[in-house]
$ cat work.cif   # mmCIF, C-alpha atoms
data_final
#
loop_
_atom_site.label_atom_id
_atom_site.label_comp_id
_atom_site.auth_asym_id
_atom_site.auth_seq_id
_atom_site.Cartn_x
_atom_site.Cartn_y
_atom_site.Cartn_z
CA MET A 29 10.19 -7.46 -14.07
CA SER A 30 9.95 -10.60 -11.99
CA GLY A 31 7.71 -13.37 -13.31
CA ASN A 32 6.16 -13.67 -9.85
CA TYR A 33 5.02 -10.05 -10.06
CA GLU A 34 3.38 -10.67 -13.42
CA LYS A 35 1.59 -13.80 -12.20
CA ASP A 36 0.85 -13.12 -8.52
CA THR A 37 0.08 -9.40 -8.62
CA ARG A 38 -0.49 -7.87 -12.05
CA ALA A 39 -2.54 -10.75 -13.45
CA ALA A 40 -4.00 -12.12 -10.22
CA TYR A 41 -5.93 -9.00 -9.27
CA GLN A 42 -7.41 -8.46 -12.70
CA ASN A 43 -10.15 -10.84 -11.73
CA GLU A 44 -13.65 -9.93 -10.53
CA SER A 45 -13.94 -12.65 -7.88
CA LYS A 46 -10.45 -11.86 -6.55
CA ALA A 47 -11.35 -8.17 -6.32
CA LEU A 48 -14.59 -8.94 -4.49
CA SER A 49 -12.77 -11.28 -2.10
CA TYR A 50 -10.19 -8.58 -1.37
CA ARG A 51 -12.92 -6.07 -0.61
CA ARG A 52 -14.70 -8.44 1.75
CA GLN A 53 -11.47 -9.25 3.57
CA HIS A 54 -10.31 -5.65 4.02
CA MET A 55 -13.54 -3.65 4.22
CA ASP A 56 -16.51 -5.81 5.22
CA GLY A 57 -17.05 -7.51 8.57
CA PHE A 58 -14.22 -8.14 11.05
CA SER A 59 -10.88 -9.63 10.08
CA TRP A 60 -7.22 -9.26 10.98
CA ALA A 61 -6.58 -7.84 7.50
CA ARG A 62 -9.22 -5.16 8.07
CA PHE A 63 -7.75 -4.24 11.45
CA THR A 64 -4.20 -3.89 10.13
CA MET A 65 -5.40 -1.91 7.12
CA TRP A 66 -7.33 0.42 9.46
CA ARG A 67 -4.10 1.02 11.37
CA GLU A 68 -2.25 1.75 8.12
CA ILE A 69 -4.93 4.20 7.02
CA SER A 70 -4.66 6.04 10.34
CA SER A 71 -0.97 6.58 9.51
CA VAL A 72 -2.00 8.17 6.22
CA ALA A 73 -4.33 10.52 8.09
CA LYS A 74 -1.46 11.55 10.39
CA ALA A 75 0.78 12.24 7.40
CA LEU A 76 -1.83 14.41 5.70
CA LYS A 77 -2.16 16.45 8.88
CA HIS A 78 1.60 16.62 9.46
CA PHE A 79 2.36 17.88 5.95
CA GLY A 80 -0.51 20.35 6.02
CA VAL A 81 -2.21 19.23 2.81
CA SER A 82 -4.19 22.10 1.29
CA GLU A 83 -6.79 22.47 -1.45
CA ASN A 84 -4.05 23.03 -4.04
CA ASP A 85 -2.33 19.72 -3.31
CA LEU A 86 -2.75 16.43 -5.20
CA ILE A 87 -2.57 13.16 -3.27
CA ILE A 88 -2.35 9.86 -5.14
CA ASP A 89 -3.68 6.55 -3.83
CA MET A 90 -1.67 3.86 -5.62
CA PRO A 91 -2.50 1.04 -5.81
CA CYS A 92 -5.94 2.13 -4.66
CA GLY A 93 -7.34 -1.41 -4.66
CA THR A 94 -10.98 -1.44 -3.61
CA GLY A 95 -10.77 2.05 -2.13
CA VAL A 96 -9.87 1.13 1.43
CA ALA A 97 -8.15 4.50 1.97
CA GLY A 98 -10.98 6.44 0.33
CA SER A 99 -12.64 7.43 3.59
CA VAL A 100 -9.49 9.21 4.81
CA LEU A 101 -8.34 10.64 1.50
CA GLY A 102 -11.82 11.94 0.84
CA ARG A 103 -11.66 14.11 3.97
CA HIS A 104 -8.54 16.11 3.18
CA PRO A 105 -9.06 19.50 1.48
CA GLY A 106 -6.96 18.77 -1.61
CA ARG A 107 -7.45 16.65 -4.70
CA THR A 108 -7.23 12.86 -4.86
CA LEU A 109 -6.40 10.57 -7.77
CA ALA A 110 -6.88 6.78 -7.44
CA ILE A 111 -4.68 4.51 -9.56
CA ASP A 112 -4.55 0.73 -9.86
CA ILE A 113 -3.42 -1.88 -12.38
CA SER A 114 -6.74 -3.69 -12.01
CA GLN A 115 -9.96 -2.31 -13.43
CA GLN A 116 -11.82 -4.96 -11.44
CA MET A 117 -10.39 -3.63 -8.18
CA MET A 118 -11.29 -0.05 -9.10
CA ASP A 119 -14.83 -1.15 -9.94
CA GLN A 120 -15.14 -2.24 -6.30
CA ALA A 121 -13.85 1.18 -5.19
CA GLU A 122 -16.66 3.17 -6.79
CA GLY A 123 -18.27 5.47 -4.23
CA GLU A 124 -15.48 5.19 -1.64
CA TYR A 125 -13.88 8.59 -2.40
CA LEU A 126 -16.65 10.93 -1.30
CA SER A 127 -15.05 14.29 -2.01
CA THR A 128 -15.52 17.17 -4.41
CA GLY A 129 -11.76 17.00 -4.93
CA PHE A 130 -11.81 13.43 -6.21
CA MET A 131 -10.40 13.39 -9.75
CA GLY A 132 -11.37 9.82 -10.63
CA PHE A 133 -9.64 6.53 -11.42
CA VAL A 134 -6.72 5.73 -13.71
CA GLN A 135 -5.66 2.23 -14.72
CA ALA A 136 -1.87 2.04 -14.65
CA ASP A 137 1.13 0.13 -13.33
CA ILE A 138 2.85 1.66 -10.32
CA THR A 139 6.23 1.15 -12.02
CA LYS A 140 5.18 3.21 -15.05
CA MET A 141 2.57 5.87 -14.24
CA PRO A 142 1.21 8.20 -16.96
CA LEU A 143 1.92 11.32 -14.90
CA SER A 144 4.25 14.28 -15.22
CA ASP A 145 7.32 14.75 -13.04
CA ARG A 146 6.65 16.26 -9.60
CA VAL A 147 2.92 16.51 -10.27
CA ALA A 148 1.77 15.15 -6.88
CA THR A 149 2.30 16.52 -3.40
CA GLY A 150 2.18 13.06 -1.86
CA ILE A 151 1.31 9.44 -2.44
CA ALA A 152 -0.05 6.60 -0.30
CA ILE A 153 1.12 3.06 -1.10
CA LEU A 154 -0.56 0.50 1.16
CA GLY A 155 -0.71 -3.28 0.94
CA PHE A 156 1.69 -3.58 -1.99
CA MET A 157 5.37 -3.71 -1.06
CA HIS A 158 5.03 -6.84 1.08
CA ARG A 159 3.96 -8.95 -1.90
CA VAL A 160 6.39 -7.93 -4.66
CA PRO A 161 10.09 -8.76 -5.24
CA ILE A 162 12.93 -6.32 -4.67
CA ASP A 163 13.25 -5.22 -8.31
CA VAL A 164 9.58 -4.20 -8.39
CA LYS A 165 9.87 -2.42 -5.04
CA LYS A 166 12.81 -0.42 -6.41
CA SER A 167 11.08 0.43 -9.71
CA ALA A 168 7.95 1.53 -7.85
CA LEU A 169 9.86 3.77 -5.44
CA ASP A 170 11.85 5.33 -8.30
CA GLU A 171 8.59 6.15 -10.06
CA VAL A 172 7.09 7.58 -6.88
CA ALA A 173 10.18 9.77 -6.42
CA ARG A 174 9.72 11.04 -9.97
CA ILE A 175 6.12 12.18 -9.56
CA CYS A 176 6.11 13.29 -5.89
CA LYS A 177 7.18 16.67 -4.55
CA ARG A 178 6.97 16.27 -0.78
CA PHE A 179 6.15 12.93 0.81
CA ALA A 180 5.13 9.29 0.49
CA VAL A 181 3.40 7.03 3.01
CA VAL A 182 4.41 3.44 2.32
CA SER A 183 3.67 0.16 4.11
CA PHE A 184 6.16 -2.70 4.30
CA THR A 185 6.41 -5.98 6.16
CA VAL A 186 9.56 -6.32 8.26
CA ASP A 187 11.46 -9.60 8.31
CA SER A 188 12.64 -10.67 11.77
CA LEU A 189 13.27 -13.81 13.79
CA ILE A 190 10.02 -13.49 15.70
CA GLN A 191 8.05 -13.07 12.46
CA ARG A 192 9.71 -16.16 10.95
CA LEU A 193 8.81 -18.21 14.02
CA LYS A 194 5.24 -16.87 13.91
CA LYS A 195 4.95 -17.80 10.24
CA LYS A 196 6.06 -21.39 10.90
CA LEU A 197 3.63 -21.72 13.81
CA LEU A 198 0.69 -20.35 11.81
CA VAL A 199 1.38 -22.73 8.94
CA ILE A 200 1.25 -25.64 11.39
CA ILE A 201 -1.99 -24.46 13.00
CA PHE A 202 -3.68 -23.03 9.90
CA ARG A 203 -2.45 -24.97 6.88
CA GLN A 204 -4.06 -22.51 4.47
CA HIS A 205 -2.41 -19.49 6.10
CA SER A 206 -0.61 -17.16 3.73
CA SER A 207 1.99 -14.74 5.08
CA ALA A 208 3.62 -11.77 3.35
CA PRO A 209 5.75 -13.36 0.59
CA ALA A 210 8.39 -10.61 0.35
CA PRO A 211 9.32 -9.13 3.75
CA MET A 212 12.59 -7.24 4.31
CA ARG A 213 14.73 -6.35 7.29
CA LEU A 214 14.20 -2.77 8.41
CA THR A 215 17.81 -1.85 7.62
CA GLU A 216 17.34 -3.16 4.07
CA ILE A 217 14.09 -1.19 3.72
CA GLU A 218 15.87 2.00 4.75
CA LYS A 219 18.64 1.41 2.19
CA LEU A 220 16.02 0.78 -0.47
CA VAL A 221 14.06 3.97 0.17
CA ASN A 222 17.28 5.98 0.42
CA SER A 223 18.42 4.64 -2.95
CA SER A 224 15.33 6.20 -4.54
CA GLY A 225 16.05 9.59 -2.98
CA PHE A 226 13.77 9.35 0.06
CA ALA A 227 14.63 9.74 3.74
CA MET A 228 12.80 7.64 6.31
CA ARG A 229 11.30 10.21 8.69
CA ARG A 230 9.08 8.00 10.81
CA VAL A 231 8.32 4.30 11.25
CA GLU A 232 4.99 3.27 12.74
CA LYS A 233 4.56 -0.34 13.78
CA ILE A 234 1.05 -1.60 13.06
CA ALA A 235 0.53 -4.26 15.72
CA PRO A 236 3.78 -5.35 17.38
CA PRO A 237 4.85 -8.03 18.09
CA VAL A 238 1.99 -9.90 16.42
CA SER A 239 2.44 -8.22 13.04
CA GLY A 240 5.60 -7.29 11.16
CA GLU A 241 3.79 -4.56 9.22
CA VAL A 242 5.12 -1.03 9.42
CA VAL A 243 4.23 2.26 7.76
CA LEU A 244 6.99 4.69 6.76
#
$ encode --input "work.cif" --output "structure tokens"
Amino acid sequence: MSGNYEKDTRAAYQNESKALSYRRQHMDGFSWARFTMWREISSVAKALKHFGVSENDLIIDMPCGTGVAGSVLGRHPGRTLAIDISQQMMDQAEGEYLSTGFMGFVQADITKMPLSDRVATGIAILGFMHRVPIDVKKSALDEVARICKRFAVVSFTVDSLIQRLKKKLLVIIFRQHSSAPAPMRLTEIEKLVNSSGFAMRRVEKIAPPVSGEVVL
């Protein structure tokens, strides 16, 4: 696996202050990150409705982070399992999955999950693919394909000319601004998901043209 993944994702989020900061940014008060995450979560809700999730289905939230998708996943009639590499992040997610079907938390890496083949009906992967290199993206999608039977809802950040120009402008105006470190062109994203056995059924743009985020 890429050294950047080990340093910037696996290790970085296993930190209590980092986990608390993430929660505040995505769940408390008003921020652009909270708005875009709300839009992503609405896409998950649409997918659950579209695929007719029932009480016998298992949906996995991975990486669950601080439980930002808990409010939506807790409303579907099936079972939910929350997984994350960081125990500190999951500590912040306590109480977010208010459902009798919530099965609890599991600490694991998305590229190597301790689950049986085809055990889950679907999986939601939000706020992850935009920050990891291509080899980790591929390993994660292969693992998702192994454990999922029907569908996955995955967010990416699309690389485009307008997004590159926006990034340069924001760095000039806000010197501390941090953009998605690993965006991809939409055609490359489609090839990637196809290589893991998935077919891209729908692409929802989160906030065009301001944001390059999409949900597949």
$ closest_residue --input "work.cif" --among "A:Ala173, A:Pro91, A:Phe179, A:Ala121" --to "Ala136 of chain A" --atoms "only C-alpha atoms"
A:Pro91
$ atom_distance --input "work.cif" --atom1 "atom CA of Phe130 of chain A" --atom2 "atom CA of Thr185 of chain A"
29.4 Å
$ atom_distance --input "work.cif" --atom1 "atom CA of Gly225 of chain A" --atom2 "atom CA of Leu169 of chain A"
8.8 Å
$ atom_distance --input "work.cif" --atom1 "atom CA of Val164 of chain A" --atom2 "atom CA of Ile234 of chain A"
23.2 Å
$ resolve_selection --input "work.cif" --expression "the PyMOL selection byres ((chain A and resi 110) around 12)" --output "ChimeraX atom specification"
/A:86-98,101-102,107-109,111-115,117-119,121-125,129-138,141,151-153
$ closest_residue --input "work.cif" --among "A:Ser70, A:Gln53, A:Thr149, A:Ser144" --to "Ser82 of chain A" --atoms "all atoms listed in the file"
A:Thr149
$ residues_around --input "work.cif" --residues "segment 46-52 of chain A" --least-positions-apart "3" --cutoff "7 Å" --atoms "only C-alpha atoms" --output "PyMOL selection string"
chain A and resi 41+43+55-56+94+116-117+120
$ write_last_selection --input "work.cif" --atoms "C-alpha atoms" --output "short mmCIF file (atom, residue, chain, number, x, y, z; two decimals), in the frame of the given file"
data_model
loop_
_atom_site.label_atom_id
_atom_site.label_comp_id
_atom_site.auth_asym_id
_atom_site.auth_seq_id
_atom_site.Cartn_x
_atom_site.Cartn_y
_atom_site.Cartn_z
CA TYR A 41 -5.93 -9.00 -9.27
CA ASN A 43 -10.15 -10.84 -11.73
CA MET A 55 -13.54 -3.65 4.22
CA ASP A 56 -16.51 -5.81 5.22
CA THR A 94 -10.98 -1.44 -3.61
CA GLN A 116 -11.82 -4.96 -11.44
CA MET A 117 -10.39 -3.63 -8.18
CA GLN A 120 -15.14 -2.24 -6.30
#
$ residues_around --input "work.cif" --residues "Ser71 of chain A" --least-positions-apart "4" --cutoff "10 Å" --atoms "all atoms listed in the file" --output "MDAnalysis selection string"
chainID A and resid 65:67 75:77 152 181:183 231:234 242:244
$ closest_residue --input "work.cif" --among "A:Lys74, A:Val100, A:Ser45, A:Leu154" --to "Arg230 of chain A" --atoms "only C-alpha atoms"
A:Lys74
$ closest_residue --input "work.cif" --among "A:Lys166, A:Arg178, A:Arg213, A:Arg159" --to "Val147 of chain A" --atoms "all atoms listed in the file"
A:Arg178
$ residues_around --input "work.cif" --residues "Thr215 of chain A" --least-positions-apart "6" --cutoff "12 Å" --atoms "all atoms listed in the file" --output "list of chain:residue names"
A:Val186, A:Asp187, A:Ser188, A:Val221, A:Asn222, A:Met228, A:Val231
$ closest_residue --input "work.cif" --among "A:Gln42, A:Glu68, A:Phe184, A:Gly57" --to "Glu216 of chain A" --atoms "all atoms listed in the file"
A:Phe184
$ closest_residue --input "work.cif" --among "A:Lys177, A:Glu171, A:Arg62, A:Ser99" --to "Asp85 of chain A" --atoms "only C-alpha atoms"
A:Lys177
$ residues_around --input "work.cif" --residues "Leu143 of chain A" --least-positions-apart "5" --cutoff "10 Å" --atoms "all atoms listed in the file" --output "ChimeraX atom specification"
/A:148,171,174-175
$ residues_around --input "work.cif" --residues "Ser223 of chain A" --least-positions-apart "4" --cutoff "10 Å" --atoms "only C-alpha atoms" --output "PyMOL selection string"
chain A and resi 166+169-170+217-219+227
$ decode --input "work.cif" --residues "segment 129-144 of chain A" --atoms "N, CA and C atoms" --output "mmCIF file, in the first residue's frame"
data_model
loop_
_atom_site.group_PDB
_atom_site.id
_atom_site.type_symbol
_atom_site.label_atom_id
_atom_site.label_comp_id
_atom_site.auth_asym_id
_atom_site.auth_seq_id
_atom_site.Cartn_x
_atom_site.Cartn_y
_atom_site.Cartn_z
ATOM 1 N N GLY A 129 -31.899 -2.143 14.497
ATOM 2 C CA GLY A 129 -31.140 -3.004 13.600
ATOM 3 C C GLY A 129 -29.663 -2.713 13.571
ATOM 4 N N PHE A 130 -29.197 -1.783 14.423
ATOM 5 C CA PHE A 130 -27.773 -1.457 14.434
ATOM 6 C C PHE A 130 -26.993 -2.571 15.119
ATOM 7 N N MET A 131 -25.997 -3.114 14.420
ATOM 8 C CA MET A 131 -25.241 -4.257 14.904
ATOM 9 C C MET A 131 -23.935 -3.888 15.606
ATOM 10 N N GLY A 132 -23.622 -2.583 15.639
ATOM 11 C CA GLY A 132 -22.432 -2.157 16.355
ATOM 12 C C GLY A 132 -21.293 -1.735 15.447
ATOM 13 N N PHE A 133 -20.117 -1.538 16.064
ATOM 14 C CA PHE A 133 -18.925 -1.054 15.380
ATOM 15 C C PHE A 133 -17.876 -2.152 15.263
ATOM 16 N N VAL A 134 -17.116 -2.100 14.174
ATOM 17 C CA VAL A 134 -15.997 -3.012 13.970
ATOM 18 C C VAL A 134 -14.799 -2.195 13.497
ATOM 19 N N GLN A 135 -13.656 -2.387 14.131
ATOM 20 C CA GLN A 135 -12.448 -1.699 13.696
ATOM 21 C C GLN A 135 -11.739 -2.548 12.652
ATOM 22 N N ALA A 136 -11.620 -2.020 11.442
ATOM 23 C CA ALA A 136 -10.998 -2.768 10.358
ATOM 24 C C ALA A 136 -10.609 -1.831 9.227
ATOM 25 N N ASP A 137 -9.710 -2.309 8.381
ATOM 26 C CA ASP A 137 -9.268 -1.589 7.196
ATOM 27 C C ASP A 137 -10.199 -1.929 6.043
ATOM 28 N N ILE A 138 -10.599 -0.944 5.279
ATOM 29 C CA ILE A 138 -11.509 -1.161 4.165
ATOM 30 C C ILE A 138 -10.920 -2.087 3.106
ATOM 31 N N THR A 139 -9.595 -2.201 3.048
ATOM 32 C CA THR A 139 -8.966 -3.068 2.051
ATOM 33 C C THR A 139 -8.855 -4.517 2.526
ATOM 34 N N LYS A 140 -9.224 -4.765 3.780
ATOM 35 C CA LYS A 140 -9.150 -6.127 4.319
ATOM 36 C C LYS A 140 -10.173 -6.256 5.439
ATOM 37 N N MET A 141 -11.437 -6.458 5.082
ATOM 38 C CA MET A 141 -12.510 -6.498 6.074
ATOM 39 C C MET A 141 -12.764 -7.929 6.561
ATOM 40 N N PRO A 142 -12.978 -8.095 7.865
ATOM 41 C CA PRO A 142 -13.182 -9.428 8.451
ATOM 42 C C PRO A 142 -14.614 -9.926 8.262
ATOM 43 N N LEU A 143 -15.043 -9.984 7.004
ATOM 44 C CA LEU A 143 -16.416 -10.367 6.684
ATOM 45 C C LEU A 143 -16.426 -11.443 5.608
ATOM 46 N N SER A 144 -17.468 -12.252 5.614
ATOM 47 C CA SER A 144 -17.610 -13.319 4.643
ATOM 48 C C SER A 144 -17.979 -12.768 3.266
#
